[in-house]
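Participant: Got my_file.txt for you, compact mmCIF, C-alpha atoms:
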```
# COMPACT_ATOMS: atom_id res chain seq x y z
CA MET A 1 67.03 129.62 88.87
CA SER A 2 68.58 127.71 85.98
CA SER A 3 67.80 124.01 85.78
CA ARG A 4 70.72 123.25 83.48
CA PRO A 5 72.43 120.04 84.65
CA SER A 6 76.08 120.00 85.62
CA PRO A 7 78.53 118.31 83.20
CA VAL A 8 78.59 115.10 85.24
CA TYR A 9 74.95 114.50 84.30
CA ALA A 10 75.40 115.41 80.63
CA SER A 11 75.18 111.76 79.56
CA PRO A 12 72.65 109.22 80.88
CA SER A 13 75.31 106.97 82.38
CA PRO A 14 78.77 108.52 82.75
CA THR A 15 81.58 106.05 83.33
CA TYR A 16 84.28 106.87 85.89
CA GLU A 17 87.62 105.13 85.53
CA SER A 18 90.08 107.87 86.29
CA TYR A 19 88.92 111.31 87.36
CA THR A 20 90.81 114.54 86.84
CA PRO A 21 89.30 117.60 88.56
CA SER A 22 88.87 120.80 86.56
CA SER A 23 91.36 123.60 87.16
CA SER A 24 88.83 125.36 89.36
CA SER A 25 88.82 122.46 91.80
CA SER A 26 92.48 121.51 91.68
CA SER A 27 93.10 122.86 95.16
CA SER A 28 90.54 120.53 96.75
CA ILE A 29 91.56 117.65 98.96
CA TYR A 30 91.13 115.31 95.99
CA GLY A 31 94.33 116.44 94.34
CA GLY A 32 94.47 117.30 90.63
CA THR A 33 97.35 119.62 89.87
CA SER A 34 97.74 120.57 93.51
CA SER A 35 100.55 119.12 95.61
CA TYR A 36 98.04 118.30 98.38
CA PRO A 37 97.52 115.59 99.42
CA PRO A 38 101.06 114.29 99.02
CA PRO A 39 101.50 110.97 97.18
CA ARG A 40 100.64 108.01 99.37
CA LYS A 41 102.92 105.06 99.80
CA VAL A 42 101.11 101.96 98.66
CA TRP A 43 100.23 99.52 101.42
CA VAL A 44 97.73 97.36 99.55
CA ASP A 45 97.64 98.15 95.83
CA PRO A 46 94.38 96.89 94.25
CA LYS A 47 96.05 96.85 90.84
CA ASN A 48 98.49 94.15 92.00
CA LEU A 49 95.85 91.73 93.34
CA ALA A 50 94.69 88.64 91.47
CA ASN A 51 91.17 88.62 90.06
CA CYS A 52 88.68 87.26 92.59
CA GLY A 53 85.14 86.63 91.45
CA ASP A 54 83.13 88.04 88.56
CA ALA A 55 82.36 91.76 88.62
CA SER A 56 80.49 91.77 85.29
CA GLN A 57 77.06 91.72 86.95
CA ILE A 58 77.74 94.71 89.22
CA GLN A 59 75.73 97.76 88.19
CA GLY A 60 76.86 101.39 88.46
CA ASN A 61 78.68 104.02 86.43
CA VAL A 62 82.29 103.23 87.34
CA SER A 63 84.20 101.25 84.75
CA PRO A 64 84.25 97.41 84.72
CA TYR A 65 87.98 97.64 85.47
CA VAL A 66 87.38 99.62 88.68
CA LYS A 67 84.56 97.27 89.72
CA GLN A 68 86.86 94.26 89.35
CA LEU A 69 89.65 95.90 91.35
CA ILE A 70 87.22 96.72 94.17
CA LEU A 71 85.97 93.14 94.22
CA ASN A 72 89.56 91.87 94.22
CA THR A 73 90.42 94.10 97.19
CA PHE A 74 87.31 93.09 99.13
CA ILE A 75 87.97 89.37 98.68
CA ALA A 76 91.75 89.45 99.15
CA TYR A 77 91.82 91.94 102.03
CA GLY A 78 88.39 91.52 103.63
CA ALA A 79 87.75 87.80 103.19
CA GLY A 80 91.27 86.39 102.99
CA ASP A 81 91.72 82.65 102.62
CA GLU A 82 89.49 79.97 104.12
CA HIS A 83 91.35 80.04 107.44
CA CYS A 84 90.83 83.78 108.02
CA PHE A 85 88.28 85.21 110.42
CA GLY A 86 84.87 85.77 108.83
CA HIS A 87 85.91 84.24 105.50
CA SER A 88 82.58 82.51 104.81
CA VAL A 89 80.62 85.63 105.77
CA ALA A 90 82.65 87.92 103.48
CA LYS A 91 82.40 85.43 100.60
CA ALA A 92 78.59 85.52 100.91
CA VAL A 93 78.51 89.28 100.21
CA LYS A 94 77.29 90.21 96.73
CA PHE A 95 77.98 93.67 95.35
CA ILE A 96 75.03 95.12 93.45
CA ASP A 97 76.15 98.61 92.47
CA ILE A 98 79.31 100.73 92.50
CA SER A 99 78.86 104.35 91.43
CA ALA A 100 80.47 107.77 91.67
CA HIS A 101 79.28 111.31 91.10
CA GLU A 102 80.23 114.92 91.71
CA SER A 103 78.51 116.16 94.85
CA HIS A 104 76.82 119.55 94.50
CA GLU A 105 76.84 119.94 98.28
CA LYS A 106 80.61 119.40 98.33
CA GLN A 107 81.26 121.91 95.54
CA GLY A 108 81.79 119.26 92.88
CA ARG A 109 84.06 116.96 94.86
CA MET A 110 83.72 113.31 94.02
CA GLU A 111 81.64 110.92 96.10
CA ALA A 112 81.48 107.13 95.69
CA THR A 113 78.74 104.74 96.81
CA THR A 114 78.67 100.95 96.91
CA ILE A 115 75.67 98.72 97.50
CA ALA A 116 76.08 95.12 98.67
CA GLU A 117 73.67 92.43 99.83
CA ILE A 118 73.94 89.37 102.05
CA ILE A 119 71.48 86.73 103.27
CA VAL A 120 71.67 86.20 107.04
CA SER A 121 72.65 82.56 107.67
CA LYS A 122 72.53 80.51 110.86
CA SER A 123 76.30 80.78 111.27
CA MET A 124 75.91 84.57 111.61
CA LEU A 125 73.52 84.40 114.58
CA ASN A 126 74.06 84.84 118.31
CA GLY A 127 72.60 82.65 121.04
CA ALA A 128 69.31 84.55 120.90
CA GLY A 129 68.86 83.65 117.25
CA MET A 130 69.55 87.15 115.91
CA LEU A 131 72.38 88.49 113.75
CA HIS A 132 75.45 88.80 115.98
CA GLY A 133 76.62 92.38 116.53
CA GLY A 134 80.23 91.35 115.98
CA CYS A 135 79.34 89.79 112.63
CA LEU A 136 77.50 92.95 111.61
CA ALA A 137 80.50 95.06 112.64
CA PHE A 138 82.72 92.84 110.48
CA LEU A 139 80.41 93.37 107.49
CA ILE A 140 80.26 97.12 108.02
CA ASP A 141 84.02 97.43 108.42
CA ASN A 142 84.71 95.71 105.11
CA CYS A 143 81.78 97.01 103.05
CA CYS A 144 82.08 100.60 104.26
CA SER A 145 85.72 100.58 103.14
CA THR A 146 84.85 99.89 99.49
CA PRO A 147 83.67 103.39 98.46
CA LEU A 148 87.02 104.74 99.68
CA VAL A 149 88.84 102.18 97.55
CA ALA A 150 86.62 103.18 94.62
CA LEU A 151 87.28 106.88 95.12
CA GLY A 152 91.00 106.23 95.37
CA LEU A 153 91.00 104.28 92.10
CA ILE A 154 89.01 106.97 90.31
CA GLN A 155 91.33 109.71 91.51
CA ASN A 156 94.55 107.74 91.11
CA ILE A 157 95.45 107.75 94.80
CA ASN A 158 95.56 104.91 97.31
CA GLY A 159 92.22 104.47 99.06
CA VAL A 160 93.09 101.34 101.04
CA GLY A 161 93.78 101.92 104.72
CA VAL A 162 93.38 100.38 108.16
CA THR A 163 90.38 101.09 110.37
CA GLN A 164 91.08 103.75 112.96
CA SER A 165 87.61 104.03 114.49
CA MET A 166 84.08 102.83 113.83
CA ASN A 167 80.87 104.11 115.41
CA ILE A 168 77.89 101.77 115.01
CA ILE A 169 74.29 102.28 116.09
CA PHE A 170 72.21 99.09 116.19
CA HIS A 171 68.59 99.92 115.35
CA SER A 172 66.80 96.59 114.89
CA PRO A 173 67.62 92.86 114.86
CA GLY A 174 68.48 90.84 111.78
CA SER A 175 66.77 87.45 111.56
CA VAL A 176 67.94 84.34 109.75
CA GLY A 177 67.00 84.29 106.09
CA SER A 178 66.58 88.06 105.82
CA CYS A 179 68.39 89.91 103.03
CA LEU A 180 70.45 92.85 104.23
CA ARG A 181 71.33 95.68 101.88
CA ILE A 182 74.54 97.49 102.87
CA ILE A 183 74.78 101.00 101.41
CA SER A 184 78.14 102.71 101.92
CA THR A 185 79.17 106.21 100.85
CA SER A 186 82.49 108.04 101.03
CA ILE A 187 82.58 111.20 103.13
CA ALA A 188 86.10 112.61 102.78
CA MET A 189 89.65 111.66 101.82
CA GLY A 190 92.37 113.71 103.42
CA GLY A 191 96.11 113.39 103.19
CA ARG A 192 96.07 110.37 105.49
CA ILE A 193 92.61 110.04 107.07
CA MET A 194 89.60 108.78 105.11
CA SER A 195 85.99 108.46 106.26
CA ALA A 196 82.77 106.84 105.05
CA ARG A 197 79.23 106.18 106.30
CA CYS A 198 77.00 103.14 106.03
CA GLU A 199 73.42 101.99 106.47
CA VAL A 200 72.37 98.36 106.74
CA ILE A 201 68.74 97.93 105.70
CA ASN A 202 66.41 94.92 105.74
CA LYS A 203 65.59 94.68 102.04
CA LYS A 204 62.12 93.20 102.58
CA THR A 205 60.83 95.42 105.39
CA GLY A 206 62.87 98.57 104.79
CA SER A 207 63.80 98.79 108.46
CA VAL A 208 67.27 100.07 109.32
CA VAL A 209 69.28 97.35 111.07
CA ALA A 210 72.35 99.49 111.73
CA SER A 211 74.04 102.73 110.75
CA ALA A 212 77.71 103.55 111.09
CA TYR A 213 80.58 105.97 110.51
CA LEU A 214 84.03 104.63 109.68
CA ASN A 215 87.43 106.32 109.82
CA LYS A 216 90.42 104.75 108.11
CA MET A 217 94.03 105.87 107.91
CA GLN A 218 97.09 105.17 105.85
CA PRO A 219 99.39 103.00 107.98
CA ALA A 220 103.05 103.75 108.49
CA ILE A 221 104.78 101.23 106.22
CA SER A 222 107.68 100.86 108.65
CA LYS A 223 105.32 99.66 111.40
CA LEU A 224 103.64 96.92 109.38
```
For this file, write the structure as structure tokens.

Facilitator:
Amino acid sequence: MSSRPSPVYASPSPTYESYTPSSSSSSSIYGGTSSYPPPRKVWVDPKNLANCGDASQIQGNVSPYVKQLILNTFIAYGAGDEHCFGHSVAKAVKFIDISAHESHEKQGRMEATTIAEIIVSKSMLNGAGMLHGGCLAFLIDNCCSTPLVALGLIQNINGVGVTQSMNIIFHSPGSVGSCLRIISTSIAMGGRIMSARCEVINKKTGSVVASAYLNKMQPAISKL
């Protein structure tokens, strides 16, 4: 069996800013020259948001421009202003890596992954002194959305949607002072429905705190 790498691995660190599938994959759900999926009406356009925070320290092979737009979307849409729910929690999230690659298992379709970290603070705890499940759900909802935004930016479609469903399994408690690493990966982007998965891991112990699947959809503009 040939060990020749695919073109996406031809350089040590490919940079993804806008991705155009080859003609052989133009009929995939990621678009290209195909008319499917149809163009999406923009609900939240990352390109129109003000810069929020410094994305220069984020690692990964997507372009600095894409990293900044993802950070802008996370802060503007996920954190909101100081009066919004969970603002202080979302502002404490630090993105470590934003990357994309062609998945061999998905016949070369693009897949995006984001890695974020947060230190569990006292304000995030429940009465038993452990990380509140609602707070963890809030973190998963917002962080697990970012690889879809990234994939949308790379493929020149809108990857921002509203959460349709979220399935979370809580595996172990999160204690105050622990550093949680939130690893989120895109699964699929259809014409209107998008999905991603997520694992929340205790960085020090390696134990899985929670795992989740997230479905998002493009909202009907007329109903907003």

Participant: Counting all atoms listed in the file, figure out which residue out of A:Thr113, A:Ser121, A:Ser88, A:Ser207 gets nearest to Phe170 (chain A).

Facilitator: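 So, comparing all the options, the nearest one is A:Ser207.
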
Participant: Tell me which of A:Asn61, A:Gln155, A:Asn126, A:Asn48 sits closest to Met189 (chain A), counting all atoms listed in the file.

Facilitator: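 Of A:Asn61, A:Gln155, A:Asn126, A:Asn48, the one nearest Met189 (chain A), counting all atoms listed in the file, is A:Gln155.
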
Participant: If we count only C-alpha atoms, what is near Gly60 (chain A) at a cut-off of 6 Å, once residues fewer than 6 positions away on the same chain are taken out, given as a list in words?

Facilitator: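 My list of contacting residues is Asp97, Ile98 and Ser99 of chain A.
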
Participant: Show which residues sit within 12 Å of Asn142 (chain A), as an MDAnalysis selection string. Count all atoms listed in the file, and ignore same-chain residues fewer than 6 positions away.

Facilitator: chainID A and resid 70:71 73:80 86:87 89:91 93 114 116 135:136 148:149 160:163 166 182:184 196:198 214:216

Participant: Any idea what's packed within 9 Å of Lys204 (chain A), counting all atoms listed in the file, ignoring anything in its chain fewer than 5 positions away? Could you give it as a list of chain:residue names?

Facilitator: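 Skipping anything fewer than 5 positions along the chain leaves A:Ser178, A:Cys179, A:Leu180.
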
Participant: Work out how far CA of Asn72 (chain A) is from CA of Asn51 (chain A), in Å to one decimal.

Facilitator: 5.5 Å

Participant: CA of Lys94 (chain A) and CA of Glu117 (chain A) are how many Å apart?

Facilitator: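 Computing the Euclidean distance for CA of Lys94 (chain A) and CA of Glu117 (chain A) yields 5.3 Å.
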
Participant: Between A:Pro219, A:Gly133, A:Gly53, A:Gly191, single out the one closest to His171 (chain A), counting all atoms listed in the file.

Facilitator: A:Gly133

Participant: Have a look at A:Gln218, A:Ser172, A:Gln59, A:Thr185 and name the one nearest to Gly206 (chain A); count only C-alpha atoms.

Facilitator: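 For Gly206 (chain A), the nearest of the candidates is A:Ser172.
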
Participant: What is the distance between CA of Ile96 (chain A) and CA of Arg181 (chain A), in Å to one decimal?

Facilitator: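 CA of Arg181 (chain A) lies 9.2 Å from CA of Ile96 (chain A).
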
Participant: What's the 10 Å shell around Val176 (chain A), counting all atoms listed in the file, without same-chain residues fewer than 6 positions away, as a list in words?

Facilitator: Ile119, Val120, Ser121, Lys122, Ser123, Met124, Leu125, Gly129, Met130 and Leu131 of chain A

Participant: Can you spit out region 116-211 of chain A with C-alpha atoms, as a CSV table (one decimal), in the first residue's frame, from the structure just given?

Facilitator:
```
chain,number,residue,atom,x,y,z
A,116,ALA,CA,-10.2,26.0,24.3
A,117,GLU,CA,-9.3,26.1,28.0
A,118,ILE,CA,-10.9,27.5,31.1
A,119,ILE,CA,-10.0,27.5,34.8
A,120,VAL,CA,-13.0,26.5,37.0
A,121,SER,CA,-13.7,29.4,39.3
A,122,LYS,CA,-15.9,29.6,42.4
A,123,SER,CA,-18.7,31.4,40.5
A,124,MET,CA,-19.0,28.3,38.2
A,125,LEU,CA,-19.8,25.9,41.1
A,126,ASN,CA,-23.0,24.4,42.4
A,127,GLY,CA,-24.0,24.0,46.1
A,128,ALA,CA,-21.9,20.8,46.3
A,129,GLY,CA,-18.8,22.7,45.3
A,130,MET,CA,-18.5,21.1,41.9
A,131,LEU,CA,-18.8,22.6,38.4
A,132,HIS,CA,-22.5,23.3,37.8
A,133,GLY,CA,-23.9,21.2,35.0
A,134,GLY,CA,-25.7,24.2,33.5
A,135,CYS,CA,-22.5,26.1,33.4
A,136,LEU,CA,-20.8,23.2,31.6
A,137,ALA,CA,-23.7,23.0,29.1
A,138,PHE,CA,-23.2,26.8,28.4
A,139,LEU,CA,-19.5,26.2,27.7
A,140,ILE,CA,-20.2,23.3,25.5
A,141,ASP,CA,-22.9,25.0,23.6
A,142,ASN,CA,-20.7,28.0,22.7
A,143,CYS,CA,-17.3,26.2,22.3
A,144,CYS,CA,-18.8,23.3,20.2
A,145,SER,CA,-20.2,25.9,17.8
A,146,THR,CA,-16.8,27.3,16.9
A,147,PRO,CA,-15.6,24.5,14.5
A,148,LEU,CA,-18.8,25.0,12.5
A,149,VAL,CA,-18.1,28.7,12.3
A,150,ALA,CA,-14.5,27.9,11.2
A,151,LEU,CA,-15.7,25.4,8.6
A,152,GLY,CA,-18.2,28.0,7.3
A,153,LEU,CA,-15.5,30.6,7.0
A,154,ILE,CA,-13.1,28.3,5.2
A,155,GLN,CA,-15.7,27.2,2.7
A,156,ASN,CA,-17.3,30.6,2.2
A,157,ILE,CA,-20.7,29.6,3.6
A,158,ASN,CA,-22.4,30.7,6.8
A,159,GLY,CA,-21.6,28.4,9.7
A,160,VAL,CA,-23.4,30.4,12.5
A,161,GLY,CA,-26.7,28.9,13.6
A,162,VAL,CA,-28.9,28.4,16.6
A,163,THR,CA,-28.8,25.3,18.8
A,164,GLN,CA,-31.5,22.8,17.9
A,165,SER,CA,-30.4,20.0,20.2
A,166,MET,CA,-27.6,19.1,22.5
A,167,ASN,CA,-26.8,15.7,24.1
A,168,ILE,CA,-24.4,15.8,27.0
A,169,ILE,CA,-23.0,12.9,29.1
A,170,PHE,CA,-21.5,14.0,32.4
A,171,HIS,CA,-18.6,11.6,33.2
A,172,SER,CA,-16.8,13.2,36.2
A,173,PRO,CA,-17.0,16.3,38.4
A,174,GLY,CA,-15.0,19.5,37.8
A,175,SER,CA,-13.4,21.0,40.9
A,176,VAL,CA,-12.5,24.6,41.5
A,177,GLY,CA,-9.1,25.6,40.2
A,178,SER,CA,-9.0,22.7,37.7
A,179,CYS,CA,-8.1,23.6,34.0
A,180,LEU,CA,-10.6,22.2,31.5
A,181,ARG,CA,-9.7,21.6,27.9
A,182,ILE,CA,-12.6,21.8,25.5
A,183,ILE,CA,-12.0,20.0,22.3
A,184,SER,CA,-14.7,20.5,19.6
A,185,THR,CA,-14.8,19.0,16.1
A,186,SER,CA,-17.2,19.5,13.2
A,187,ILE,CA,-19.2,16.5,12.1
A,188,ALA,CA,-21.3,17.6,9.1
A,189,MET,CA,-22.7,20.7,7.5
A,190,GLY,CA,-25.9,20.2,5.5
A,191,GLY,CA,-28.1,22.7,3.7
A,192,ARG,CA,-29.5,23.9,6.9
A,193,ILE,CA,-28.5,21.5,9.7
A,194,MET,CA,-25.0,21.5,11.2
A,195,SER,CA,-23.5,19.1,13.8
A,196,ALA,CA,-20.4,18.9,16.0
A,197,ARG,CA,-19.0,16.9,18.9
A,198,CYS,CA,-17.1,17.9,22.0
A,199,GLU,CA,-15.1,16.5,24.8
A,200,VAL,CA,-14.3,18.3,28.0
A,201,ILE,CA,-11.1,17.0,29.6
A,202,ASN,CA,-9.4,17.8,32.9
A,203,LYS,CA,-6.0,18.9,31.7
A,204,LYS,CA,-4.1,17.8,34.7
A,205,THR,CA,-5.6,14.3,35.3
A,206,GLY,CA,-6.7,13.5,31.7
A,207,SER,CA,-10.2,12.4,33.0
A,208,VAL,CA,-13.2,13.2,30.7
A,209,VAL,CA,-15.5,15.6,32.5
A,210,ALA,CA,-18.2,15.5,29.8
A,211,SER,CA,-18.8,14.6,26.2
```
